>>> print(open('input28.csv').read())   # CSV, C-alpha atoms and all ligand atoms
chain,number,residue,atom,x,y,z
B,1,MET,CA,194.4,199.0,70.3
B,2,ASP,CA,193.0,200.1,67.0
B,3,ILE,CA,189.9,198.0,66.5
B,4,GLU,CA,189.7,198.6,62.7
B,5,LYS,CA,193.3,197.6,62.3
B,6,LEU,CA,192.7,194.4,64.2
B,7,LYS,CA,189.7,193.6,62.1
B,8,LEU,CA,191.7,194.1,59.0
B,9,GLU,CA,194.4,191.7,60.4
B,10,VAL,CA,191.9,188.9,61.1
B,11,ARG,CA,190.4,189.4,57.6
B,12,GLN,CA,193.9,189.0,56.2
B,13,GLY,CA,194.3,185.9,58.3
B,14,VAL,CA,191.2,184.4,56.6
B,15,GLU,CA,192.6,185.4,53.2
B,16,SER,CA,195.9,183.7,53.9
B,17,SER,CA,194.2,180.4,54.5
B,18,GLU,CA,191.6,180.8,51.8
B,19,GLN,CA,192.7,177.8,49.7
B,20,LYS,CA,192.8,175.5,52.7
B,21,LEU,CA,189.3,176.5,53.8
B,22,ILE,CA,187.8,176.0,50.3
B,23,GLN,CA,189.5,172.6,50.0
B,24,LEU,CA,188.1,171.6,53.3
B,25,SER,CA,184.6,172.7,52.3
B,26,LEU,CA,184.9,170.7,49.0
B,27,LYS,CA,186.1,167.6,50.8
B,28,ILE,CA,183.2,167.6,53.2
B,29,HIS,CA,180.8,168.3,50.3
B,30,ASP,CA,182.2,165.4,48.3
B,31,ASN,CA,182.0,163.0,51.3
B,32,PRO,CA,178.5,163.6,52.7
B,33,GLU,CA,177.8,161.8,56.0
B,34,LEU,CA,174.5,161.6,57.9
B,35,GLY,CA,173.9,162.9,61.4
B,36,PHE,CA,175.9,161.3,64.2
B,37,LYS,CA,178.0,159.5,61.5
B,38,GLU,CA,180.1,162.5,60.5
B,39,GLU,CA,183.4,160.7,61.3
B,40,LYS,CA,185.4,162.1,58.3
B,41,ALA,CA,184.2,165.6,58.6
B,42,ALA,CA,184.8,165.7,62.4
B,43,ALA,CA,188.3,164.2,61.9
B,44,TRP,CA,189.3,166.7,59.2
B,45,LEU,CA,187.9,169.7,61.1
B,46,THR,CA,189.6,168.7,64.4
B,47,SER,CA,192.9,167.9,62.9
B,48,TYR,CA,192.9,171.4,61.2
B,49,LEU,CA,192.2,173.0,64.6
B,50,GLU,CA,194.9,170.9,66.3
B,51,ASP,CA,197.5,171.9,63.7
B,52,GLU,CA,196.5,175.5,64.4
B,53,GLY,CA,197.2,175.2,68.1
B,54,PHE,CA,193.8,174.5,69.5
B,55,HIS,CA,193.3,172.1,72.4
B,56,VAL,CA,190.9,169.5,71.0
B,57,GLU,CA,188.5,167.3,72.9
B,58,ARG,CA,186.8,164.7,70.7
B,59,GLY,CA,183.4,163.3,71.6
B,60,LEU,CA,181.0,165.2,73.9
B,61,ALA,CA,177.7,164.4,75.5
B,62,GLY,CA,178.1,160.7,74.4
B,63,LEU,CA,178.2,161.9,70.8
B,64,PRO,CA,181.4,160.6,69.2
B,65,THR,CA,181.3,163.1,66.3
B,66,ALA,CA,180.9,166.1,68.6
B,67,PHE,CA,184.0,168.1,69.6
B,68,GLN,CA,185.3,171.1,71.4
B,69,ALA,CA,188.4,173.0,70.4
B,70,THR,CA,189.7,175.7,72.7
B,71,TYR,CA,192.2,178.6,72.3
B,72,GLY,CA,192.8,181.0,75.2
B,73,GLN,CA,192.1,180.8,78.9
B,74,GLU,CA,190.4,184.0,79.8
B,75,SER,CA,186.8,185.2,79.6
B,76,PRO,CA,184.6,185.9,77.7
B,77,ARG,CA,184.3,182.4,76.1
B,78,ILE,CA,183.1,182.8,72.6
B,79,ALA,CA,181.6,179.7,70.9
B,80,LEU,CA,181.7,179.3,67.1
B,81,LEU,CA,179.4,176.5,66.2
B,82,ALA,CA,180.2,174.0,63.4
B,83,GLU,CA,177.7,171.7,61.7
B,84,TYR,CA,178.7,169.1,59.2
B,85,ASP,CA,175.9,166.6,58.7
B,86,ALA,CA,174.3,165.9,55.3
B,87,LEU,CA,170.8,164.9,54.1
B,88,PRO,CA,169.9,161.4,52.9
B,89,LYS,CA,170.3,161.2,49.1
B,90,LEU,CA,170.7,164.9,48.7
B,91,GLY,CA,174.2,165.3,50.3
B,92,HIS,CA,175.1,168.8,51.5
B,93,ALA,CA,171.8,170.3,50.3
B,94,CYS,CA,171.6,172.4,53.6
B,95,GLY,CA,175.2,173.6,53.2
B,96,HIS,CA,176.5,172.4,56.5
B,97,ASN,CA,180.0,172.0,54.8
B,98,ILE,CA,180.0,175.9,54.8
B,99,ILE,CA,178.8,176.0,58.4
B,100,GLY,CA,181.5,173.7,59.6
B,101,VAL,CA,184.4,175.3,57.7
B,102,SER,CA,183.4,178.9,58.5
B,103,ALA,CA,183.3,178.2,62.2
B,104,VAL,CA,186.7,176.5,62.1
B,105,GLY,CA,188.2,179.2,59.8
B,106,ALA,CA,186.8,182.0,62.0
B,107,GLY,CA,188.2,180.4,65.1
B,108,VAL,CA,191.7,180.1,63.6
B,109,ALA,CA,191.6,183.7,62.3
B,110,ALA,CA,190.3,185.0,65.7
B,111,LYS,CA,193.3,183.6,67.6
B,112,HIS,CA,195.1,186.8,66.6
B,113,ALA,CA,192.4,188.8,68.4
B,114,VAL,CA,192.6,186.6,71.5
B,115,ASP,CA,196.4,187.0,71.6
B,116,GLN,CA,195.9,190.8,71.7
B,117,LEU,CA,192.8,191.2,73.8
B,118,GLY,CA,192.4,188.0,75.9
B,119,GLY,CA,189.2,185.9,75.9
B,120,THR,CA,188.8,182.4,74.7
B,121,ILE,CA,187.6,180.9,71.4
B,122,VAL,CA,185.7,177.6,71.6
B,123,VAL,CA,185.0,176.0,68.2
B,124,MET,CA,182.2,173.6,69.1
B,125,GLY,CA,181.5,170.7,66.7
B,126,THR,CA,177.7,170.0,66.8
B,127,PRO,CA,176.7,166.9,64.9
B,128,GLY,CA,173.3,165.7,63.6
B,129,GLU,CA,171.5,169.1,63.2
B,130,GLU,CA,169.0,168.0,60.6
B,131,VAL,CA,166.7,165.7,62.6
B,132,LEU,CA,168.7,164.3,65.5
B,133,GLY,CA,169.3,167.6,67.4
B,134,GLY,CA,172.9,167.1,68.6
B,135,LYS,CA,173.0,170.5,70.2
B,136,ILE,CA,170.0,169.5,72.4
B,137,ASP,CA,172.2,166.8,74.0
B,138,LEU,CA,175.1,169.3,74.3
B,139,VAL,CA,172.9,171.8,76.1
B,140,LYS,CA,171.5,169.1,78.4
B,141,THR,CA,174.9,167.9,79.4
B,142,GLY,CA,176.2,171.4,80.2
B,143,ALA,CA,178.5,171.9,77.3
B,144,PHE,CA,177.5,175.6,77.1
B,145,LYS,CA,177.7,176.2,80.9
B,146,GLU,CA,180.9,178.2,80.6
B,147,VAL,CA,180.1,179.8,77.3
B,148,ASP,CA,179.3,183.5,77.2
B,149,VAL,CA,178.1,183.9,73.6
B,150,ALA,CA,177.5,181.6,70.6
B,151,MET,CA,177.5,182.2,66.8
B,152,ILE,CA,176.8,180.1,63.8
B,153,VAL,CA,176.3,181.2,60.1
B,154,HIS,CA,173.9,179.3,57.8
B,155,PRO,CA,174.0,179.4,54.0
B,156,ASP,CA,170.8,180.7,52.4
B,157,THR,CA,169.7,182.7,49.4
B,158,ARG,CA,169.7,186.0,51.5
B,159,ASN,CA,172.2,187.7,53.8
B,160,MET,CA,170.3,188.2,57.0
B,161,PRO,CA,171.6,189.2,60.5
B,162,THR,CA,169.0,187.0,62.3
B,163,GLU,CA,166.8,184.1,61.5
B,164,GLU,CA,163.7,183.0,63.4
B,165,ALA,CA,163.1,179.3,63.9
B,166,LEU,CA,160.1,177.4,65.0
B,167,ALA,CA,159.9,175.1,68.0
B,168,CYS,CA,159.5,171.6,66.7
B,169,SER,CA,158.5,168.2,68.2
B,170,THR,CA,158.4,164.8,66.5
B,171,LEU,CA,155.8,162.2,67.0
B,172,GLU,CA,156.0,158.5,66.1
B,173,VAL,CA,152.8,156.6,65.9
B,174,GLU,CA,151.7,153.0,65.2
B,175,PHE,CA,148.3,151.4,64.8
B,176,PHE,CA,147.8,147.8,65.5
B,177,GLY,CA,144.8,146.1,63.9
B,178,ARG,CA,144.1,142.5,62.8
B,179,ALA,CA,145.1,140.9,59.5
B,180,ALA,CA,142.4,139.1,57.5
B,181,HIS,CA,141.7,138.1,53.8
B,182,ALA,CA,140.7,141.4,52.3
B,183,ALA,CA,138.0,139.7,50.1
B,184,GLY,CA,137.2,136.5,51.9
B,185,GLN,CA,136.8,137.7,55.5
B,186,PRO,CA,137.2,141.5,55.6
B,187,HIS,CA,134.6,141.7,58.4
B,188,LYS,CA,137.0,139.8,60.7
B,189,GLY,CA,139.9,142.2,60.1
B,190,ILE,CA,140.8,145.5,61.8
B,191,ASN,CA,142.3,147.9,59.3
B,192,ALA,CA,145.4,149.7,60.7
B,193,LEU,CA,145.9,151.6,57.5
B,194,ASP,CA,142.4,153.0,57.6
B,195,ALA,CA,143.2,154.3,61.1
B,196,MET,CA,146.2,156.1,59.7
B,197,VAL,CA,144.3,157.6,56.7
B,198,LEU,CA,141.6,158.8,59.1
B,199,ALA,CA,144.2,160.5,61.3
B,200,PHE,CA,145.7,162.2,58.2
B,201,THR,CA,142.2,163.4,57.3
B,202,SER,CA,141.6,164.8,60.8
B,203,ILE,CA,145.0,166.5,60.7
B,204,ASN,CA,144.2,168.1,57.3
B,205,SER,CA,141.0,169.5,58.8
B,206,LEU,CA,142.8,170.7,61.9
B,207,ARG,CA,145.4,172.5,59.7
B,208,GLN,CA,142.9,175.0,58.4
B,209,HIS,CA,142.3,176.3,61.9
B,210,ILE,CA,145.8,176.7,63.3
B,211,ARG,CA,148.0,179.9,63.3
B,212,GLY,CA,149.6,180.7,60.0
B,213,ASP,CA,153.2,180.2,61.2
B,214,ALA,CA,152.5,176.7,62.7
B,215,ARG,CA,153.2,173.6,60.6
B,216,ILE,CA,152.1,169.9,60.8
B,217,HIS,CA,153.6,167.4,58.4
B,218,GLY,CA,154.3,163.7,58.3
B,219,ILE,CA,154.8,160.6,56.3
B,220,ILE,CA,153.5,157.0,56.5
B,221,THR,CA,156.4,154.7,57.0
B,222,ASP,CA,154.3,151.5,57.0
B,223,GLY,CA,151.1,151.1,55.1
B,224,GLY,CA,150.6,147.4,55.0
B,225,GLU,CA,152.0,144.4,53.2
B,226,ALA,CA,149.8,143.4,50.3
B,227,PRO,CA,146.5,144.7,48.8
B,228,ASN,CA,144.7,141.4,49.6
B,229,ILE,CA,145.6,141.5,53.3
B,230,VAL,CA,143.8,143.8,55.7
B,231,PRO,CA,146.7,145.8,57.1
B,232,ALA,CA,147.4,144.7,60.7
B,233,HIS,CA,150.0,147.4,61.2
B,234,SER,CA,150.7,151.0,60.1
B,235,ALA,CA,153.2,153.5,61.2
B,236,ALA,CA,153.9,157.2,60.6
B,237,THR,CA,156.3,160.0,61.7
B,238,PHE,CA,154.9,163.5,62.2
B,239,MET,CA,156.5,166.8,62.9
B,240,VAL,CA,154.7,169.6,64.7
B,241,ARG,CA,156.1,173.2,64.6
B,242,ALA,CA,155.0,176.5,66.2
B,243,LEU,CA,156.5,179.9,66.9
B,244,ASP,CA,156.5,179.4,70.7
B,245,ASP,CA,156.6,176.5,73.2
B,246,ASP,CA,153.1,177.1,74.6
B,247,TYR,CA,151.4,176.9,71.2
B,248,LEU,CA,153.5,173.9,70.3
B,249,ALA,CA,152.2,172.1,73.5
B,250,GLU,CA,148.6,173.0,72.5
B,251,LEU,CA,149.1,171.7,68.9
B,252,ASN,CA,150.8,168.5,70.1
B,253,HIS,CA,147.7,167.8,72.2
B,254,ARG,CA,145.4,168.4,69.2
B,255,VAL,CA,147.5,166.3,66.9
B,256,LEU,CA,147.4,163.4,69.3
B,257,ASP,CA,143.6,163.7,69.6
B,258,CYS,CA,143.5,163.1,65.8
B,259,PHE,CA,145.2,159.8,66.3
B,260,THR,CA,143.2,158.9,69.3
B,261,GLY,CA,140.0,159.6,67.5
B,262,ALA,CA,141.1,157.5,64.5
B,263,SER,CA,141.9,154.7,66.9
B,264,MET,CA,138.4,154.7,68.3
B,265,ALA,CA,136.7,155.0,64.9
B,266,SER,CA,138.7,152.1,63.4
B,267,GLY,CA,139.2,149.9,66.4
B,268,ALA,CA,142.9,149.8,65.8
B,269,ARG,CA,145.1,150.2,68.9
B,270,LEU,CA,147.3,153.3,69.0
B,271,GLU,CA,150.8,153.4,70.3
B,272,TYR,CA,152.8,156.6,70.2
B,273,ARG,CA,156.1,158.1,71.3
B,274,TRP,CA,157.2,161.8,71.4
B,275,LYS,CA,160.9,162.0,70.6
B,276,ASP,CA,162.7,163.4,73.6
B,277,ARG,CA,164.7,166.0,71.5
B,278,THR,CA,162.3,169.0,71.0
B,279,TYR,CA,163.8,171.9,69.0
B,280,ALA,CA,163.3,175.2,70.8
B,281,PRO,CA,162.5,178.5,69.1
B,282,MET,CA,165.3,180.9,68.2
B,283,LYS,CA,166.0,183.7,70.7
B,284,ASN,CA,168.1,186.2,68.6
B,285,ASN,CA,170.5,188.5,70.5
B,286,MET,CA,170.0,191.8,68.6
B,287,THR,CA,173.1,193.5,70.1
B,288,LEU,CA,175.3,190.6,68.7
B,289,ALA,CA,173.3,190.6,65.4
B,290,GLY,CA,173.9,194.3,64.9
B,291,LEU,CA,177.6,193.8,65.2
B,292,PHE,CA,177.6,190.9,62.8
B,293,LYS,CA,175.5,192.9,60.3
B,294,GLN,CA,178.0,195.8,60.3
B,295,ASN,CA,180.9,193.4,59.7
B,296,LEU,CA,179.1,191.6,56.9
B,297,GLU,CA,178.1,194.9,55.3
B,298,SER,CA,181.7,196.1,55.5
B,299,LEU,CA,182.6,193.1,53.2
B,300,GLY,CA,180.3,194.6,50.6
B,301,ARG,CA,177.3,192.4,51.1
B,302,ASN,CA,173.7,193.8,51.0
B,303,VAL,CA,172.1,192.6,54.3
B,304,GLU,CA,168.3,192.3,54.5
B,305,ASP,CA,166.2,192.0,57.6
B,306,PHE,CA,164.6,188.7,58.3
B,307,ASP,CA,161.1,188.4,56.8
B,308,ARG,CA,158.8,185.6,58.0
B,309,ARG,CA,157.2,185.4,54.6
B,310,SER,CA,160.4,183.9,53.2
B,311,GLY,CA,159.7,180.9,55.4
B,312,MET,CA,160.9,179.4,58.7
B,313,GLY,CA,162.3,176.0,59.6
B,314,SER,CA,163.6,174.8,62.9
B,315,THR,CA,167.2,174.4,64.2
B,316,ASP,CA,168.8,173.0,67.4
B,317,MET,CA,170.6,176.4,67.6
B,318,GLY,CA,167.2,177.5,69.1
B,319,ASN,CA,168.0,175.3,72.2
B,320,VAL,CA,171.5,176.9,72.5
B,321,SER,CA,169.9,180.4,72.1
B,322,GLN,CA,167.7,179.7,75.2
B,323,VAL,CA,170.7,179.3,77.4
B,324,VAL,CA,173.4,181.5,75.9
B,325,PRO,CA,173.2,184.8,73.9
B,326,SER,CA,173.2,183.6,70.3
B,327,ILE,CA,172.8,184.5,66.7
B,328,HIS,CA,172.1,182.4,63.6
B,329,PRO,CA,172.6,184.8,60.7
B,330,THR,CA,172.5,183.6,57.1
B,331,ILE,CA,174.8,184.2,54.1
B,332,ALA,CA,173.7,184.1,50.4
B,333,ILE,CA,175.2,181.4,48.2
B,334,ALA,CA,172.6,181.3,45.4
B,335,PRO,CA,169.7,183.4,43.9
B,336,HIS,CA,166.4,183.5,45.7
B,337,GLU,CA,164.7,180.9,43.5
B,338,VAL,CA,167.1,178.1,44.6
B,339,LEU,CA,165.5,176.0,47.3
B,340,LEU,CA,167.1,174.8,50.5
B,341,HIS,CA,167.2,171.0,50.7
B,342,SER,CA,167.4,170.7,46.9
B,343,PRO,CA,170.2,169.3,44.7
B,344,GLU,CA,170.8,172.8,43.3
B,345,PHE,CA,171.5,174.1,46.8
B,346,ALA,CA,174.1,171.4,47.3
B,347,THR,CA,175.8,172.4,44.1
B,348,ALA,CA,175.7,176.0,45.1
B,349,THR,CA,177.7,175.4,48.3
B,350,VAL,CA,180.8,174.6,46.2
B,351,SER,CA,180.2,177.2,43.4
B,352,GLU,CA,182.2,180.4,43.1
B,353,ALA,CA,179.4,182.1,45.0
B,354,GLY,CA,179.5,179.4,47.6
B,355,HIS,CA,183.2,179.8,48.2
B,356,ASP,CA,182.8,183.6,48.4
B,357,ALA,CA,180.1,183.2,51.0
B,358,LEU,CA,182.2,180.7,53.0
B,359,LEU,CA,185.0,183.3,53.2
B,360,ASP,CA,182.7,186.2,54.0
B,361,ALA,CA,181.0,184.2,56.7
B,362,THR,CA,184.4,183.3,58.1
B,363,LYS,CA,185.6,186.9,58.1
B,364,ALA,CA,182.4,188.4,59.5
B,365,MET,CA,182.4,185.9,62.4
B,366,ALA,CA,186.1,186.5,63.1
B,367,MET,CA,185.6,190.3,63.0
B,368,THR,CA,182.6,190.0,65.3
B,369,VAL,CA,184.9,188.2,67.8
B,370,VAL,CA,187.0,191.4,67.7
B,371,ASP,CA,183.9,193.4,68.6
B,372,ILE,CA,182.9,191.1,71.4
B,373,LEU,CA,186.4,191.4,73.0
B,374,GLN,CA,186.1,195.2,73.2
B,375,SER,CA,185.4,196.4,76.8
B,376,GLY,CA,181.7,196.6,77.8
B,377,VAL,CA,180.4,194.7,74.7
B,378,ILE,CA,179.8,191.4,76.4
B,379,ASP,CA,178.0,193.2,79.2
B,380,ARG,CA,175.6,194.7,76.7
B,381,ILE,CA,175.0,191.3,75.1
B,382,ARG,CA,174.4,189.7,78.5
B,383,GLN,CA,172.1,192.5,79.6
B,384,GLU,CA,169.9,192.1,76.6
B,385,PHE,CA,169.8,188.3,77.1
B,386,CYS,CA,168.7,188.7,80.8
B,387,ASP,CA,166.1,191.4,79.9
B,388,GLY,CA,164.6,189.3,77.1
D,401,ZN,ZN,170.9,173.5,57.9
D,402,ZN,ZN,168.6,171.6,56.8
>>> encode(input="input28.csv", output="structure tokens", more="lines below")
Ligand SMILES: [Zn+2]
Ligand SMILES: [Zn+2]
Amino acid sequence: MDIEKLKLEVRQGVESSEQKLIQLSLKIHDNPELGFKEEKAAAWLTSYLEDEGFHVERGLAGLPTAFQATYGQESPRIALLAEYDALPKLGHACGHNIIGVSAVGAGVAAKHAVDQLGGTIVVMGTPGEEVLGGKIDLVKTGAFKEVDVAMIVHPDTRNMPTEEALACSTLEVEFFGRAAHAAGQPHKGINALDAMVLAFTSINSLRQHIRGDARIHGIITDGGEAPNIVPAHSAATFMVRALDDDYLAELNHRVLDCFTGASMASGARLEYRWKDRTYAPMKNNMTLAGLFKQNLESLGRNVEDFDRRSGMGSTDMGNVSQVVPSIHPTIAIAPHEVLLHSPEFATATVSEAGHDALLDATKAMAMTVVDILQSGVIDRIRQEFCDG
């Protein structure tokens, strides 16, 4: 089997469904749905896969908008991950319309490779990436148990074969004080907002003495009812991020100390809850990344190495990468100055450059499937995963 010929054929497969893929991306962009509520997007993507001969299972791990679509029966099982959740008010400002459609398009194009070489394609629909961490539930319930390798491509302002991601935990805190007339009897009140402000100040001080790649950020979600009432209740949500799980655990502890200290100083009682979905750091499989990079370059794209200075977020793909050899490369849809999670980025996902990126991401993933199905490749990918 001529590998270059096969790659050319899967590329042509993507080209022949170009208009359908662009229409699907536009439709998801125009109908943004928040995490775990992506009913339309999941329905459109699964019906497309079903029409293309995939066996579709809707709803996984108790998440109605998760899905799994399978083509083939043999090993290796190659997972292409789709995301399709949007951001509040900003719509598809993270470009998950491109992620969803590229995974589905690549799966459909790669059927041809499976017909020739064996193996199985699993297009996995993974909802609620932004803050809900749907993949964490999928990992926990064993959805990746039979999977040998996983790929996802994220839109960005650079083409990069890998992307690092920070481990991330979320803390919800509340302070309970005592309401009183703020002028008449302030000495009888306990100020829950003061407790929160003290905690913010402590965290600001802490922030100067943490590693450069760690992040602590939060918002106050309740700061009292009226200026003439001593606030009896305050609430906030904080996110703590670090490059590895050990440092994250250390920071979690220090952040919590800031709230405990503020509770003691103010007299307001503290209640807190760590969200049970913690995002893991990204473990990039460099063998797989190298193959993807070559394919993306063969499409005429300039691929840069990941640079931490360009910034790091967190992704639930990190959790997948801890159990299955994975990559999370990026594809450029806009110039460097356009910011992720901005209205301009949402527009870029459906621009000419956005559509080009969608098609290139789809092709590069389908071509990488051809590489993975060559003899010995999956063993090298696995070996690196086990050694790492
Ligand atoms: Zn995203
Ligand atoms: Zn995002």
>>> residues_around(input="input28.csv", residues="stretch 67-79 of chain B", least_positions_apart="2", cutoff="7 Å", atoms="only C-alpha atoms", output="PyMOL selection string")
chain B and resi 49+54-60+65+81+111+114+118-125+147-151
>>> residues_near_point(input="input28.csv", point="(143.7, 154.6, 61.6)", cutoff="9 Å", atoms="all atoms listed in the file", output="PyMOL selection string")
chain B and resi 174-177+191-200+234+259-270
>>> atom_distance(input="input28.csv", atom1="atom CA of B:Ser17", atom2="atom CA of B:His112")
13.7 Å
>>> residues_around(input="input28.csv", residues="B:Glu164", least_positions_apart="2", cutoff="7 Å", atoms="only C-alpha atoms", output="list of chain:residue names")
B:Thr162, B:Leu166, B:Met282, B:Met312
>>> closest_residue(input="input28.csv", among="B:Leu80, B:Ala86, B:Ala66, B:Ala180", to="ligand ZN 402 (chain D)", atoms="all atoms listed in the file")
B:Ala86
>>> atom_distance(input="input28.csv", atom1="atom CA of B:Tyr247", atom2="atom CA of B:Leu339")
27.8 Å
>>> atom_distance(input="input28.csv", atom1="atom CA of B:His341", atom2="atom CA of B:Glu297")
26.7 Å
>>> closest_residue(input="input28.csv", among="B:Leu6, B:Ala42, B:Ile378, B:Cys94", to="ligand ZN 402 (chain D)", atoms="all atoms listed in the file")
B:Cys94
>>> closest_residue(input="input28.csv", among="B:Asn295, B:Gln116, B:Asn284, B:Ser375", to="B:Val324", atoms="all atoms listed in the file")
B:Asn284
>>> decode(input="input28.csv", residues="stretch 152-170 of chain B", atoms="N, CA and C atoms", output="PDB file, in the first residue's frame")
ATOM      1  N   ILE B 152      -7.132  15.770  18.946  1.00  0.00           N
ATOM      2  CA  ILE B 152      -8.094  16.874  18.879  1.00  0.00           C
ATOM      3  C   ILE B 152      -7.314  18.072  18.340  1.00  0.00           C
ATOM      4  N   VAL B 153      -7.924  18.917  17.529  1.00  0.00           N
ATOM      5  CA  VAL B 153      -7.231  20.115  17.040  1.00  0.00           C
ATOM      6  C   VAL B 153      -8.008  21.350  17.484  1.00  0.00           C
ATOM      7  N   HIS B 154      -7.286  22.302  18.108  1.00  0.00           N
ATOM      8  CA  HIS B 154      -7.929  23.515  18.629  1.00  0.00           C
ATOM      9  C   HIS B 154      -7.552  24.729  17.781  1.00  0.00           C
ATOM     10  N   PRO B 155      -8.524  25.551  17.386  1.00  0.00           N
ATOM     11  CA  PRO B 155      -8.180  26.785  16.677  1.00  0.00           C
ATOM     12  C   PRO B 155      -7.394  27.748  17.569  1.00  0.00           C
ATOM     13  N   ASP B 156      -6.564  28.557  16.945  1.00  0.00           N
ATOM     14  CA  ASP B 156      -5.644  29.426  17.674  1.00  0.00           C
ATOM     15  C   ASP B 156      -5.191  30.515  16.706  1.00  0.00           C
ATOM     16  N   THR B 157      -4.136  31.243  17.107  1.00  0.00           N
ATOM     17  CA  THR B 157      -3.551  32.198  16.158  1.00  0.00           C
ATOM     18  C   THR B 157      -2.211  31.689  15.645  1.00  0.00           C
ATOM     19  N   ARG B 158      -1.841  30.451  16.021  1.00  0.00           N
ATOM     20  CA  ARG B 158      -0.609  29.824  15.532  1.00  0.00           C
ATOM     21  C   ARG B 158      -0.890  28.377  15.174  1.00  0.00           C
ATOM     22  N   ASN B 159      -0.073  27.846  14.253  1.00  0.00           N
ATOM     23  CA  ASN B 159      -0.104  26.402  13.981  1.00  0.00           C
ATOM     24  C   ASN B 159       0.965  25.770  14.860  1.00  0.00           C
ATOM     25  N   MET B 160       0.559  24.929  15.794  1.00  0.00           N
ATOM     26  CA  MET B 160       1.538  24.310  16.700  1.00  0.00           C
ATOM     27  C   MET B 160       1.221  22.813  16.846  1.00  0.00           C
ATOM     28  N   PRO B 161       2.263  21.948  16.848  1.00  0.00           N
ATOM     29  CA  PRO B 161       2.014  20.503  16.918  1.00  0.00           C
ATOM     30  C   PRO B 161       1.616  20.031  18.315  1.00  0.00           C
ATOM     31  N   THR B 162       1.962  20.840  19.328  1.00  0.00           N
ATOM     32  CA  THR B 162       1.595  20.472  20.703  1.00  0.00           C
ATOM     33  C   THR B 162       1.147  21.740  21.402  1.00  0.00           C
ATOM     34  N   GLU B 163       0.470  21.550  22.494  1.00  0.00           N
ATOM     35  CA  GLU B 163       0.136  22.694  23.343  1.00  0.00           C
ATOM     36  C   GLU B 163       0.197  22.222  24.776  1.00  0.00           C
ATOM     37  N   GLU B 164       0.866  22.976  25.626  1.00  0.00           N
ATOM     38  CA  GLU B 164       0.876  22.593  27.032  1.00  0.00           C
ATOM     39  C   GLU B 164      -0.364  23.164  27.700  1.00  0.00           C
ATOM     40  N   ALA B 165      -0.771  22.538  28.778  1.00  0.00           N
ATOM     41  CA  ALA B 165      -1.949  23.030  29.495  1.00  0.00           C
ATOM     42  C   ALA B 165      -1.711  22.871  30.986  1.00  0.00           C
ATOM     43  N   LEU B 166      -2.265  23.796  31.742  1.00  0.00           N
ATOM     44  CA  LEU B 166      -2.074  23.804  33.190  1.00  0.00           C
ATOM     45  C   LEU B 166      -3.110  22.924  33.884  1.00  0.00           C
ATOM     46  N   ALA B 167      -2.664  22.261  34.956  1.00  0.00           N
ATOM     47  CA  ALA B 167      -3.634  21.593  35.828  1.00  0.00           C
ATOM     48  C   ALA B 167      -4.473  22.685  36.474  1.00  0.00           C
ATOM     49  N   CYS B 168      -5.730  22.411  36.728  1.00  0.00           N
ATOM     50  CA  CYS B 168      -6.617  23.488  37.203  1.00  0.00           C
ATOM     51  C   CYS B 168      -7.664  22.950  38.159  1.00  0.00           C
ATOM     52  N   SER B 169      -7.813  23.639  39.296  1.00  0.00           N
ATOM     53  CA  SER B 169      -8.899  23.267  40.204  1.00  0.00           C
ATOM     54  C   SER B 169      -9.755  24.496  40.487  1.00  0.00           C
ATOM     55  N   THR B 170     -10.977  24.260  40.855  1.00  0.00           N
ATOM     56  CA  THR B 170     -11.943  25.344  41.085  1.00  0.00           C
ATOM     57  C   THR B 170     -12.470  25.267  42.515  1.00  0.00           C
TER      58      THR B 170
END
